[in-house]
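Reproduced below: protein_28.cif, with mmCIF, C-alpha atoms.
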```cif
data_final
#
loop_
_atom_site.label_atom_id
_atom_site.label_comp_id
_atom_site.auth_asym_id
_atom_site.auth_seq_id
_atom_site.Cartn_x
_atom_site.Cartn_y
_atom_site.Cartn_z
CA MET A 273 86.47 92.45 107.35
CA ALA A 274 89.90 91.11 107.99
CA SER A 275 90.23 92.78 111.37
CA ASP A 276 88.51 90.05 113.37
CA LYS A 277 91.56 87.86 112.76
CA ILE A 278 93.75 90.45 114.45
CA GLN A 279 94.51 89.97 118.12
CA THR A 280 95.27 92.67 120.64
CA PHE A 281 98.45 92.20 122.64
CA THR A 282 99.07 94.01 125.90
CA ASP A 283 101.64 94.19 128.67
CA GLY A 284 99.28 91.87 130.52
CA ASN A 285 98.79 89.10 127.96
CA PHE A 286 102.08 89.25 126.05
CA GLU A 287 103.82 86.45 127.94
CA GLU A 288 100.91 84.05 127.46
CA THR A 289 99.86 84.93 123.92
CA VAL A 290 103.20 85.67 122.27
CA ILE A 291 106.19 84.37 124.23
CA LYS A 292 104.60 81.05 125.22
CA ALA A 293 102.69 80.57 121.98
CA GLY A 294 103.28 77.38 120.03
CA ALA A 295 102.91 78.87 116.58
CA PRO A 296 104.81 81.91 115.24
CA VAL A 297 103.34 85.30 116.13
CA LEU A 298 103.59 88.57 114.23
CA VAL A 299 103.35 91.64 116.46
CA ASP A 300 102.62 95.08 115.03
CA PHE A 301 103.85 97.84 117.37
CA TRP A 302 101.77 100.94 116.70
CA ALA A 303 100.15 104.05 118.14
CA GLU A 304 97.14 106.19 117.38
CA TRP A 305 99.24 109.25 116.48
CA CYS A 306 101.52 107.41 114.06
CA GLY A 307 100.57 108.03 110.41
CA PRO A 308 102.75 105.29 108.92
CA CYS A 309 101.25 102.82 111.39
CA ARG A 310 97.87 103.57 109.84
CA GLN A 311 99.39 103.12 106.39
CA LEU A 312 100.69 99.70 107.37
CA ALA A 313 97.48 98.54 109.08
CA PRO A 314 95.66 97.18 105.98
CA THR A 315 98.76 95.15 105.02
CA VAL A 316 98.91 93.59 108.48
CA GLU A 317 95.18 92.87 108.41
CA ALA A 318 95.57 91.13 105.05
CA LEU A 319 98.37 88.99 106.51
CA ALA A 320 96.13 88.00 109.41
CA THR A 321 93.53 86.74 106.95
CA ASP A 322 96.00 85.07 104.58
CA TYR A 323 97.81 83.22 107.36
CA ASP A 324 94.73 82.45 109.44
CA GLY A 325 95.40 79.30 111.48
CA ARG A 326 99.13 79.23 110.67
CA LEU A 327 100.33 82.48 112.15
CA ALA A 328 98.90 84.57 114.95
CA VAL A 329 98.84 88.26 114.08
CA GLY A 330 98.20 91.04 116.53
CA LYS A 331 98.73 94.66 117.36
CA LEU A 332 100.35 96.18 120.39
CA ASN A 333 99.62 99.80 121.23
CA VAL A 334 102.90 101.26 122.54
CA ASP A 335 101.11 104.08 124.36
CA ASP A 336 99.05 101.72 126.46
CA ASN A 337 101.73 99.04 126.78
CA PRO A 338 105.09 100.68 127.37
CA GLY A 339 106.40 97.57 129.14
CA VAL A 340 106.59 95.34 126.09
CA ALA A 341 107.81 98.22 123.90
CA ALA A 342 110.68 98.90 126.33
CA ARG A 343 111.50 95.20 126.73
CA PHE A 344 112.16 94.90 122.99
CA SER A 345 113.83 98.33 122.75
CA ILE A 346 111.25 99.65 120.32
CA ARG A 347 112.46 103.12 119.33
CA GLY A 348 110.46 103.64 116.20
CA ILE A 349 107.08 102.63 114.87
CA PRO A 350 105.66 100.94 112.97
CA THR A 351 107.84 98.00 113.92
CA LEU A 352 106.89 94.41 113.16
CA LEU A 353 108.46 91.63 115.20
CA LEU A 354 108.05 88.00 114.28
CA PHE A 355 108.29 85.66 117.27
CA LYS A 356 108.95 81.97 117.09
CA GLY A 357 109.37 79.86 120.21
CA GLY A 358 109.38 83.01 122.30
CA GLN A 359 112.31 84.53 120.37
CA VAL A 360 112.39 87.41 117.93
CA VAL A 361 113.34 85.87 114.58
CA GLU A 362 112.56 88.77 112.25
CA GLN A 363 112.16 92.48 112.59
CA VAL A 364 110.92 95.13 110.17
CA VAL A 365 111.08 98.81 111.00
CA GLY A 366 108.94 101.20 108.98
CA LEU A 367 106.71 100.50 106.04
CA ALA A 368 106.92 97.31 104.07
CA ASP A 369 104.78 95.75 101.39
CA GLY A 370 102.76 92.58 101.70
CA ALA A 371 104.82 90.50 99.27
CA GLN A 372 108.04 91.33 101.12
CA LEU A 373 106.51 90.44 104.48
CA LYS A 374 105.12 87.17 103.17
CA GLN A 375 108.57 86.13 101.98
CA MET A 376 109.94 86.87 105.41
CA ILE A 377 107.14 85.01 107.23
CA ASP A 378 107.25 81.97 104.94
CA LYS A 379 110.87 81.31 105.96
CA HIS A 380 109.68 80.56 109.47
CA LEU A 381 106.51 78.52 108.91
CA MET B 243 93.29 97.63 79.95
CA GLU B 244 93.11 100.91 81.84
CA GLU B 245 92.65 104.36 80.37
CA ILE B 246 94.80 105.91 83.04
CA ILE B 247 96.89 104.63 85.91
CA ILE B 248 98.08 106.94 88.65
CA ILE B 249 101.15 105.77 90.55
CA GLY B 250 101.27 107.27 94.03
CA SER B 251 98.64 108.56 96.42
CA GLY B 252 99.85 111.77 98.00
CA PRO B 253 98.13 115.12 97.39
CA ALA B 254 99.29 115.11 93.73
CA GLY B 255 98.15 111.58 92.89
CA LEU B 256 94.81 111.86 94.66
CA THR B 257 94.02 115.23 93.10
CA ALA B 258 94.87 113.77 89.69
CA ALA B 259 92.57 110.87 90.58
CA LEU B 260 89.77 113.23 91.60
CA TYR B 261 89.96 115.16 88.32
CA ALA B 262 90.35 112.06 86.17
CA ALA B 263 87.45 110.39 87.94
CA ARG B 264 85.25 113.43 87.40
CA ALA B 265 86.20 113.27 83.71
CA ASN B 266 84.80 109.71 83.67
CA LEU B 267 88.21 108.12 83.05
CA ARG B 268 87.77 105.67 85.95
CA PRO B 269 91.41 106.08 87.02
CA LEU B 270 93.24 103.27 88.77
CA VAL B 271 95.41 104.54 91.61
CA ILE B 272 98.20 102.27 92.85
CA GLU B 273 98.81 103.79 96.22
CA GLY B 274 102.23 102.43 97.14
CA VAL B 275 103.81 101.33 100.40
CA ASP B 276 103.87 104.96 101.57
CA ALA B 277 100.16 105.44 100.83
CA GLY B 278 99.11 109.01 101.50
CA GLY B 279 102.63 110.31 101.07
CA GLN B 280 104.60 112.62 103.29
CA LEU B 281 101.57 114.25 104.91
CA MET B 282 101.02 110.95 106.68
CA LEU B 283 104.17 111.74 108.64
CA THR B 284 103.04 115.16 109.78
CA THR B 285 100.76 116.39 112.52
CA MET B 286 98.95 119.69 112.04
CA VAL B 287 98.95 121.14 108.52
CA GLU B 288 98.30 124.85 108.81
CA ASN B 289 98.89 125.98 105.25
CA TRP B 290 96.30 123.93 103.38
CA PRO B 291 93.79 126.53 102.16
CA GLY B 292 90.30 126.26 103.54
CA TYR B 293 91.19 124.93 106.98
CA ARG B 294 91.65 128.06 109.03
CA ASP B 295 92.42 126.09 112.19
CA GLY B 296 94.60 123.54 110.41
CA ILE B 297 93.96 119.88 109.77
CA MET B 298 95.94 116.80 110.76
CA GLY B 299 98.00 115.47 107.83
CA PRO B 300 96.58 111.92 107.96
CA ALA B 301 93.03 113.28 108.26
CA LEU B 302 93.54 115.47 105.21
CA MET B 303 94.78 112.49 103.21
CA ALA B 304 91.81 110.39 104.31
CA GLU B 305 89.52 113.18 103.05
CA LEU B 306 91.31 113.44 99.71
CA ARG B 307 91.21 109.69 99.26
CA ALA B 308 87.50 109.46 100.04
CA GLN B 309 86.77 112.39 97.74
CA ALA B 310 88.58 110.75 94.81
CA ALA B 311 86.86 107.43 95.53
CA ARG B 312 83.46 109.11 95.69
CA PHE B 313 83.78 110.04 92.00
CA GLY B 314 84.85 106.57 90.94
CA ALA B 315 88.62 106.47 91.34
CA ARG B 316 89.66 102.89 92.09
CA ILE B 317 92.41 102.86 94.68
CA VAL B 318 94.41 99.66 95.07
CA THR B 319 97.04 98.77 97.62
CA GLY B 320 100.26 97.78 95.99
CA HIS B 321 103.75 98.96 95.27
CA VAL B 322 104.86 99.28 91.67
CA LYS B 323 107.97 97.22 91.02
CA ARG B 324 108.49 97.82 87.33
CA VAL B 325 107.14 99.89 84.48
CA ASN B 326 107.71 99.42 80.80
CA LEU B 327 107.23 102.61 78.85
CA ALA B 328 108.74 101.20 75.66
CA VAL B 329 105.51 99.46 74.69
CA ASP B 330 102.06 100.77 73.91
CA PRO B 331 99.97 100.43 76.03
CA TYR B 332 102.32 101.03 78.95
CA VAL B 333 102.88 98.15 81.36
CA VAL B 334 102.84 98.59 85.12
CA GLU B 335 103.75 95.71 87.42
CA SER B 336 102.70 95.79 91.05
CA GLY B 337 103.23 92.69 93.16
CA ALA B 338 101.72 89.79 91.22
CA GLN B 339 99.51 92.12 89.15
CA THR B 340 100.33 93.41 85.70
CA TYR B 341 98.35 96.35 84.40
CA GLN B 342 98.23 98.06 81.05
CA ALA B 343 97.34 101.68 80.53
CA ARG B 344 97.10 104.17 77.71
CA ALA B 345 98.19 107.04 79.94
CA LEU B 346 100.19 107.24 83.15
CA VAL B 347 100.39 109.83 85.87
CA VAL B 348 103.57 109.60 87.93
CA SER B 349 103.09 110.98 91.43
CA THR B 350 105.52 108.84 93.39
CA GLY B 351 106.72 111.78 95.49
CA ALA B 352 109.94 112.03 97.40
CA SER B 353 111.37 110.23 100.40
CA ALA B 354 113.58 111.33 103.25
CA ARG B 355 117.24 111.49 102.35
CA LEU B 356 119.69 109.74 104.63
CA ILE B 357 123.20 110.79 105.70
CA GLY B 358 124.66 107.67 104.10
CA LEU B 359 126.45 106.07 107.05
CA PRO B 360 126.27 102.29 107.43
CA SER B 361 125.59 102.78 111.16
CA GLU B 362 122.62 104.99 110.28
CA ARG B 363 120.97 102.16 108.37
CA THR B 364 121.72 99.54 111.03
CA LEU B 365 120.37 101.70 113.82
CA MET B 366 117.24 102.82 111.96
CA GLY B 367 114.38 102.15 114.37
CA HIS B 368 116.86 101.77 117.21
CA GLY B 369 117.42 105.44 117.81
CA VAL B 370 117.80 106.67 114.24
CA SER B 371 114.62 108.04 112.70
CA THR B 372 113.37 110.11 109.78
CA CYS B 373 109.99 110.74 111.37
CA ALA B 374 109.82 112.91 114.47
CA THR B 375 106.05 112.62 114.76
CA CYS B 376 106.30 108.83 114.70
CA ASP B 377 109.23 108.27 116.99
CA GLY B 378 109.60 111.34 119.22
CA TYR B 379 107.50 109.60 121.84
CA PHE B 380 110.29 107.09 122.49
CA PHE B 381 112.74 109.80 123.57
CA LYS B 382 111.02 111.21 126.64
CA LYS B 383 113.60 113.07 128.75
CA LYS B 384 116.44 111.87 126.55
CA PRO B 385 119.07 113.90 124.68
CA ILE B 386 118.73 113.80 120.92
CA VAL B 387 120.03 115.48 117.76
CA VAL B 388 118.28 116.68 114.66
CA VAL B 389 120.48 116.68 111.57
CA GLY B 390 119.61 119.37 109.05
CA GLY B 391 119.25 123.12 108.73
CA GLY B 392 116.05 123.63 106.75
CA ASP B 393 112.48 124.36 107.74
CA SER B 394 111.61 120.73 108.27
CA ALA B 395 114.62 120.28 110.54
CA MET B 396 113.48 123.25 112.66
CA GLU B 397 109.93 121.94 112.70
CA GLU B 398 111.14 118.52 113.86
CA ALA B 399 113.46 120.05 116.48
CA LEU B 400 110.62 122.15 117.89
CA PHE B 401 108.24 119.21 117.91
CA LEU B 402 110.82 117.02 119.63
CA THR B 403 111.31 119.50 122.50
CA LYS B 404 107.96 118.20 123.77
CA PHE B 405 109.65 114.91 124.56
CA ALA B 406 113.43 115.20 124.65
CA SER B 407 115.55 116.64 127.44
CA THR B 408 117.71 118.48 124.90
CA VAL B 409 117.63 118.82 121.13
CA THR B 410 120.86 119.66 119.34
CA VAL B 411 120.53 120.78 115.74
CA VAL B 412 123.51 119.71 113.64
CA HIS B 413 124.02 121.57 110.38
CA ARG B 414 126.97 121.42 108.02
CA ARG B 415 127.07 125.13 107.21
CA ASP B 416 127.57 128.18 109.40
CA LYS B 417 124.07 129.43 108.68
CA LEU B 418 120.74 127.63 108.78
CA ARG B 419 118.77 127.29 105.59
CA ALA B 420 115.41 127.58 107.36
CA SER B 421 113.09 130.56 106.97
CA LYS B 422 113.52 133.45 109.39
CA ILE B 423 110.33 132.64 111.29
CA MET B 424 111.34 129.01 111.87
CA GLN B 425 114.91 129.96 112.85
CA ASP B 426 113.63 132.51 115.34
CA LYS B 427 111.27 129.97 116.88
CA ALA B 428 114.02 127.37 117.19
CA MET B 429 116.58 129.80 118.60
CA ALA B 430 114.11 131.09 121.17
CA ASN B 431 113.51 127.59 122.50
CA PRO B 432 115.67 126.94 125.57
CA LYS B 433 115.81 123.20 124.91
CA ILE B 434 117.38 123.63 121.46
CA ALA B 435 121.16 123.97 120.98
CA PHE B 436 123.09 124.24 117.72
CA GLU B 437 126.22 122.63 116.33
CA LEU B 438 126.92 124.50 113.12
CA ASP B 439 129.68 123.81 110.57
CA SER B 440 129.37 120.21 111.68
CA VAL B 441 128.72 116.86 110.06
CA VAL B 442 127.89 113.51 111.61
CA GLU B 443 130.80 111.16 111.01
CA GLU B 444 129.54 108.19 112.94
CA ILE B 445 126.57 107.01 114.97
CA LYS B 446 127.39 104.78 117.92
CA GLU B 447 126.86 102.03 118.99
CA VAL B 448 126.02 99.41 116.40
CA GLY B 449 127.23 96.54 118.62
CA LYS B 450 124.63 97.41 121.25
CA SER B 451 121.80 97.99 118.74
CA GLU B 452 121.16 101.39 120.25
CA VAL B 453 122.26 104.97 119.83
CA THR B 454 124.61 106.14 122.56
CA ALA B 455 126.50 108.97 120.88
CA ILE B 456 127.39 110.62 117.62
CA VAL B 457 130.79 111.71 116.37
CA LEU B 458 130.74 115.22 114.97
CA ARG B 459 133.40 116.70 112.74
CA ASN B 460 133.76 120.44 112.43
CA THR B 461 134.00 121.15 108.70
CA LYS B 462 136.18 124.27 109.22
CA THR B 463 138.66 123.05 111.83
CA GLY B 464 138.48 119.31 111.14
CA VAL B 465 138.23 118.71 114.89
CA THR B 466 136.02 115.78 115.91
CA LYS B 467 134.10 115.37 119.12
CA GLU B 468 131.65 112.95 120.59
CA LEU B 469 128.18 114.01 121.66
CA PRO B 470 126.27 111.61 123.89
CA VAL B 471 122.71 111.25 122.54
CA GLU B 472 120.06 108.55 122.43
CA GLY B 473 118.27 109.60 119.30
CA VAL B 474 119.23 110.89 115.86
CA PHE B 475 116.52 112.46 113.69
CA VAL B 476 117.61 112.93 110.11
CA ALA B 477 115.98 115.89 108.32
CA ILE B 478 118.34 116.71 105.46
CA GLY B 479 115.81 116.91 102.70
CA HIS B 480 114.28 114.52 100.24
CA THR B 481 115.10 112.60 97.10
CA PRO B 482 112.53 111.98 94.37
CA ASN B 483 111.24 108.43 94.02
CA THR B 484 112.17 107.95 90.37
CA GLU B 485 114.21 104.75 90.42
CA LEU B 486 111.39 102.99 88.53
CA PHE B 487 111.66 105.36 85.59
CA LYS B 488 115.45 105.61 85.17
CA GLY B 489 116.37 105.43 81.52
CA GLN B 490 112.72 105.67 80.48
CA ILE B 491 111.85 109.31 81.19
CA ASP B 492 114.13 112.36 81.21
CA MET B 493 115.26 113.52 84.63
CA ASP B 494 117.46 116.31 85.92
CA LYS B 495 120.81 115.62 87.58
CA ASN B 496 119.13 115.13 90.96
CA GLY B 497 116.67 112.58 89.62
CA TYR B 498 113.61 114.83 89.42
CA ILE B 499 111.39 114.14 86.42
CA VAL B 500 111.58 116.96 83.90
CA THR B 501 108.18 118.28 82.83
CA SER B 502 107.25 120.76 80.12
CA GLN B 503 104.08 122.22 78.61
CA GLY B 504 102.18 121.58 81.79
CA SER B 505 102.86 118.14 83.22
CA ARG B 506 104.27 116.39 80.13
CA THR B 507 107.31 114.19 80.53
CA SER B 508 109.67 113.14 77.74
CA ARG B 509 107.35 110.18 77.05
CA PRO B 510 104.01 110.90 75.32
CA GLY B 511 101.09 109.92 77.53
CA VAL B 512 103.18 109.94 80.69
CA PHE B 513 102.55 112.90 82.99
CA ALA B 514 104.22 113.79 86.25
CA CYS B 515 103.01 115.82 89.21
CA GLY B 516 103.91 116.59 92.80
CA ASP B 517 107.28 116.34 94.50
CA VAL B 518 108.61 113.81 92.00
CA GLN B 519 108.99 116.67 89.51
CA ASP B 520 109.27 119.64 91.85
CA PRO B 521 112.63 120.44 93.45
CA ILE B 522 111.48 123.97 94.29
CA TYR B 523 108.10 124.46 95.98
CA ARG B 524 107.35 120.99 97.37
CA GLN B 525 104.16 122.00 99.14
CA ALA B 526 101.02 119.92 99.57
CA VAL B 527 99.00 122.56 97.79
CA THR B 528 101.40 122.89 94.82
CA ALA B 529 101.46 119.11 94.56
CA ALA B 530 97.68 119.06 94.47
CA GLY B 531 97.65 121.81 91.84
CA SER B 532 100.09 119.94 89.63
CA GLY B 533 97.98 116.79 90.08
CA CYS B 534 95.04 118.65 88.63
CA MET B 535 97.21 119.72 85.68
CA ALA B 536 98.36 116.14 85.07
CA ALA B 537 94.80 114.86 85.00
CA ILE B 538 93.68 117.55 82.56
CA ASP B 539 96.74 116.94 80.36
CA ALA B 540 96.16 113.18 80.42
CA GLU B 541 92.50 113.63 79.54
CA ARG B 542 93.48 115.77 76.52
CA TYR B 543 96.09 113.22 75.50
CA LEU B 544 93.54 110.41 75.59
CA GLU B 545 91.33 112.48 73.32
CA GLY B 546 94.24 112.88 70.91
CA LEU B 547 94.71 116.56 71.71
CA PRO B 548 97.81 118.53 72.78
CA THR B 549 98.03 119.74 76.37
CA PRO B 550 96.36 123.11 77.03
CA ALA B 551 99.79 124.62 77.74
CA ALA B 552 101.18 123.35 74.42
CA GLU B 553 98.17 124.72 72.60
CA ALA B 554 98.52 128.12 74.27
CA SER B 555 102.21 128.39 73.38
CA SER B 556 101.67 127.38 69.74
CA ALA B 557 98.79 129.87 69.50
CA ALA B 558 101.10 132.56 70.86
CA GLU B 559 103.78 131.66 68.28
CA ALA B 560 101.26 131.72 65.43
CA GLY B 561 99.87 135.06 66.61
#
```
Give the structure from this file in structure tokens form.
Amino acid sequence: MASDKIQTFTDGNFEETVIKAGAPVLVDFWAEWCGPCRQLAPTVEALATDYDGRLAVGKLNVDDNPGVAARFSIRGIPTLLLFKGGQVVEQVVGLADGAQLKQMIDKHL
Amino acid sequence: MEEIIIIGSGPAGLTAALYAARANLRPLVIEGVDAGGQLMLTTMVENWPGYRDGIMGPALMAELRAQAARFGARIVTGHVKRVNLAVDPYVVESGAQTYQARALVVSTGASARLIGLPSERTLMGHGVSTCATCDGYFFKKKPIVVVGGGDSAMEEALFLTKFASTVTVVHRRDKLRASKIMQDKAMANPKIAFELDSVVEEIKEVGKSEVTAIVLRNTKTGVTKELPVEGVFVAIGHTPNTELFKGQIDMDKNGYIVTSQGSRTSRPGVFACGDVQDPIYRQAVTAAGSGCMAAIDAERYLEGLPTPAAEASSAAEAG
């Protein structure tokens, strides 16, 4: 399974694991009740496996972690944010396919 | 080389897959970025026969998918980028993969239509949404608008009253298009207000990356006014996902694939089902029914036979 490569981000660990991270981090904002988030999940899991060691990939549940969601003005999910050096460098709202996301990620590695 | 490729994985595509799998055609389903289709964006589905208490849209799709897979349908993640229907076998390109198939079932569905404002696109995900069930949560105690006058607009408006402080329905005509029962429900809800004869001219405020207001223009008087809102939910219908097939299969003026004699398209061996060919009913259950027809028609085609509907009409003519 790809899912063991996926981290879980929270209001509590976000600063340490995402903002202060050395390598780029892809954060998947999602919620249990969001159908499209479930549609996107396998794509994100595949990215976690494909970029293992080069890119940290994790999910942030907006229900449980409203702090981070509010901080980045998330108003729709799924939203993917790519962080590099603590800054948001890319953002994708809604569904996207793996090839498209890889192109976007590769620009920043 | 595949016998049959099914493009799309909503109720139509997965029902086609179920029937084709049970006919031992080992169908390949390319599920698309929007895997599961529009039901993935809904909550409770109360008009799918057999579930008297309703079933959640995503749960229903998971069931359909598992059922098709159980009989041998192979479901792959991928989004078709190009098809070539000018060669035999047909060529389907998805990501880095190129497939060939003797028969195709097109069940690519329809996607939410947008108003067409540049600000709408820029603010998508920052206050503009086409999915109330996904994004309503972010508008707790905030004023929002729903654009549209049909059943789905009413459904979204009603759903959003759970979160929003006020929901204003904006519709360009003086009467709503929604069914009586949905209109009555919406009008009885104290949180819902209406702006009829009105169109959205602009969504503010792109510079701030958030929605602060919309500019409405009254279509009868031409008067414009600003309405302060934090969310805009667009529910003005759907457009069929047929871009891939332009110039290769006959479509009507709105881009819906034209079918005849069951699920046949203008290209032999290419069958269409679900919302991609249905501007009228657009229900999960009619999509599923047409998916069944497409699989049966494709099976007959692969055996070198006419579709059952074609056979019936020629028998009637001969008689």
Exercise. Taking the file as shown, what set of residues would the PyMOL selection byres ((chain A) within 12 of (chain B)) give back, as a ChimeraX atom specification?
Worked result: /A:301-315,318,334-335,338,341-342,344-352,363-374
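Using all atoms listed in the file for every distance, the candidate list A:Glu317, A:Asp300, A:Asp336, A:Glu287 yields A:Glu287 as the residue closest to Gly357 of chain A.
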Problem set entry | Distance of atom CA of Val474 of chain B from atom CA of Lys450 of chain B, expressed in Å to one decimal place | 15.5 Å
Tell me which residues come within 8 Å of (127.2, 120.0, 114.9), as a compact mmCIF listing (two decimals) with C-alpha atoms, keeping the file's coordinate frame, counting all atoms listed in the file in the file's coordinates.
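To be explicit, this is the file written out as selection03.txt:
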```
# COMPACT_ATOMS: atom_id res chain seq x y z
CA THR B 410 120.86 119.66 119.34
CA VAL B 411 120.53 120.78 115.74
CA VAL B 412 123.51 119.71 113.64
CA HIS B 413 124.02 121.57 110.38
CA ARG B 414 126.97 121.42 108.02
CA PHE B 436 123.09 124.24 117.72
CA GLU B 437 126.22 122.63 116.33
CA LEU B 438 126.92 124.50 113.12
CA ASP B 439 129.68 123.81 110.57
CA SER B 440 129.37 120.21 111.68
CA VAL B 441 128.72 116.86 110.06
CA VAL B 442 127.89 113.51 111.61
CA LEU B 458 130.74 115.22 114.97
CA ARG B 459 133.40 116.70 112.74
CA ASN B 460 133.76 120.44 112.43
```
For this file, the PyMOL selection byres ((chain B and resi 516-531) around 9) selects which residues, as a PDB file with C-alpha atoms, keeping the file's coordinate frame?
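File produced: expr17.pdb:
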```pdb
ATOM      1  CA  GLY B 252      99.850 111.770  98.000  1.00  0.00           C
ATOM      2  CA  PRO B 253      98.130 115.120  97.390  1.00  0.00           C
ATOM      3  CA  ALA B 254      99.290 115.110  93.730  1.00  0.00           C
ATOM      4  CA  GLY B 255      98.150 111.580  92.890  1.00  0.00           C
ATOM      5  CA  LEU B 256      94.810 111.860  94.660  1.00  0.00           C
ATOM      6  CA  THR B 257      94.020 115.230  93.100  1.00  0.00           C
ATOM      7  CA  ALA B 258      94.870 113.770  89.690  1.00  0.00           C
ATOM      8  CA  GLN B 280     104.600 112.620 103.290  1.00  0.00           C
ATOM      9  CA  LEU B 281     101.570 114.250 104.910  1.00  0.00           C
ATOM     10  CA  ASN B 289      98.890 125.980 105.250  1.00  0.00           C
ATOM     11  CA  TRP B 290      96.300 123.930 103.380  1.00  0.00           C
ATOM     12  CA  PRO B 291      93.790 126.530 102.160  1.00  0.00           C
ATOM     13  CA  VAL B 348     103.570 109.600  87.930  1.00  0.00           C
ATOM     14  CA  SER B 349     103.090 110.980  91.430  1.00  0.00           C
ATOM     15  CA  THR B 350     105.520 108.840  93.390  1.00  0.00           C
ATOM     16  CA  GLY B 351     106.720 111.780  95.490  1.00  0.00           C
ATOM     17  CA  ALA B 352     109.940 112.030  97.400  1.00  0.00           C
ATOM     18  CA  THR B 481     115.100 112.600  97.100  1.00  0.00           C
ATOM     19  CA  PRO B 482     112.530 111.980  94.370  1.00  0.00           C
ATOM     20  CA  ASN B 483     111.240 108.430  94.020  1.00  0.00           C
ATOM     21  CA  THR B 484     112.170 107.950  90.370  1.00  0.00           C
ATOM     22  CA  MET B 493     115.260 113.520  84.630  1.00  0.00           C
ATOM     23  CA  ASN B 496     119.130 115.130  90.960  1.00  0.00           C
ATOM     24  CA  GLY B 497     116.670 112.580  89.620  1.00  0.00           C
ATOM     25  CA  TYR B 498     113.610 114.830  89.420  1.00  0.00           C
ATOM     26  CA  ILE B 499     111.390 114.140  86.420  1.00  0.00           C
ATOM     27  CA  VAL B 500     111.580 116.960  83.900  1.00  0.00           C
ATOM     28  CA  THR B 501     108.180 118.280  82.830  1.00  0.00           C
ATOM     29  CA  SER B 505     102.860 118.140  83.220  1.00  0.00           C
ATOM     30  CA  ALA B 514     104.220 113.790  86.250  1.00  0.00           C
ATOM     31  CA  CYS B 515     103.010 115.820  89.210  1.00  0.00           C
ATOM     32  CA  SER B 532     100.090 119.940  89.630  1.00  0.00           C
ATOM     33  CA  GLY B 533      97.980 116.790  90.080  1.00  0.00           C
ATOM     34  CA  CYS B 534      95.040 118.650  88.630  1.00  0.00           C
ATOM     35  CA  MET B 535      97.210 119.720  85.680  1.00  0.00           C
ATOM     36  CA  ALA B 536      98.360 116.140  85.070  1.00  0.00           C
TER      37      ALA B 536
END
```
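If you apply the PyMOL selection byres ((chain B and resi 424) around 12) to this structure, you end up with Gly391, Gly392, Asp393, Ser394, Ala395, Met396, Glu397, Glu398, Ala399, Leu400, Phe401, Leu418, Arg419, Ala420, Ser421, Lys422, Ile423, Gln425, Asp426, Lys427, Ala428, Met429, Ala430 and Asn431 of chain B.
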Could the residues in this selection be written to a file with C-alpha atoms, as a JSON list (two decimals), in the coordinates of the input?
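Produced file again_13.json, reproduced below:
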```json
[["chain", "number", "residue", "atom", "x", "y", "z"],
["B", 391, "GLY", "CA", 119.25, 123.12, 108.73],
["B", 392, "GLY", "CA", 116.05, 123.63, 106.75],
["B", 393, "ASP", "CA", 112.48, 124.36, 107.74],
["B", 394, "SER", "CA", 111.61, 120.73, 108.27],
["B", 395, "ALA", "CA", 114.62, 120.28, 110.54],
["B", 396, "MET", "CA", 113.48, 123.25, 112.66],
["B", 397, "GLU", "CA", 109.93, 121.94, 112.70],
["B", 398, "GLU", "CA", 111.14, 118.52, 113.86],
["B", 399, "ALA", "CA", 113.46, 120.05, 116.48],
["B", 400, "LEU", "CA", 110.62, 122.15, 117.89],
["B", 401, "PHE", "CA", 108.24, 119.21, 117.91],
["B", 418, "LEU", "CA", 120.74, 127.63, 108.78],
["B", 419, "ARG", "CA", 118.77, 127.29, 105.59],
["B", 420, "ALA", "CA", 115.41, 127.58, 107.36],
["B", 421, "SER", "CA", 113.09, 130.56, 106.97],
["B", 422, "LYS", "CA", 113.52, 133.45, 109.39],
["B", 423, "ILE", "CA", 110.33, 132.64, 111.29],
["B", 425, "GLN", "CA", 114.91, 129.96, 112.85],
["B", 426, "ASP", "CA", 113.63, 132.51, 115.34],
["B", 427, "LYS", "CA", 111.27, 129.97, 116.88],
["B", 428, "ALA", "CA", 114.02, 127.37, 117.19],
["B", 429, "MET", "CA", 116.58, 129.80, 118.60],
["B", 430, "ALA", "CA", 114.11, 131.09, 121.17],
["B", 431, "ASN", "CA", 113.51, 127.59, 122.50]]
```
Exercise. So which one's closest to Gly511 of chain B, B:Tyr341, B:Tyr543, B:Tyr261, B:Phe487? Using only C-alpha atoms, please.
Worked result: B:Tyr543
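Here atom CA of Ile278 of chain A stands at a distance of 9.5 Å from atom CA of Asp324 of chain A.
Between atom CA of Ser361 of chain B and atom CA of Val448 of chain B the interatomic distance comes to 6.2 Å.
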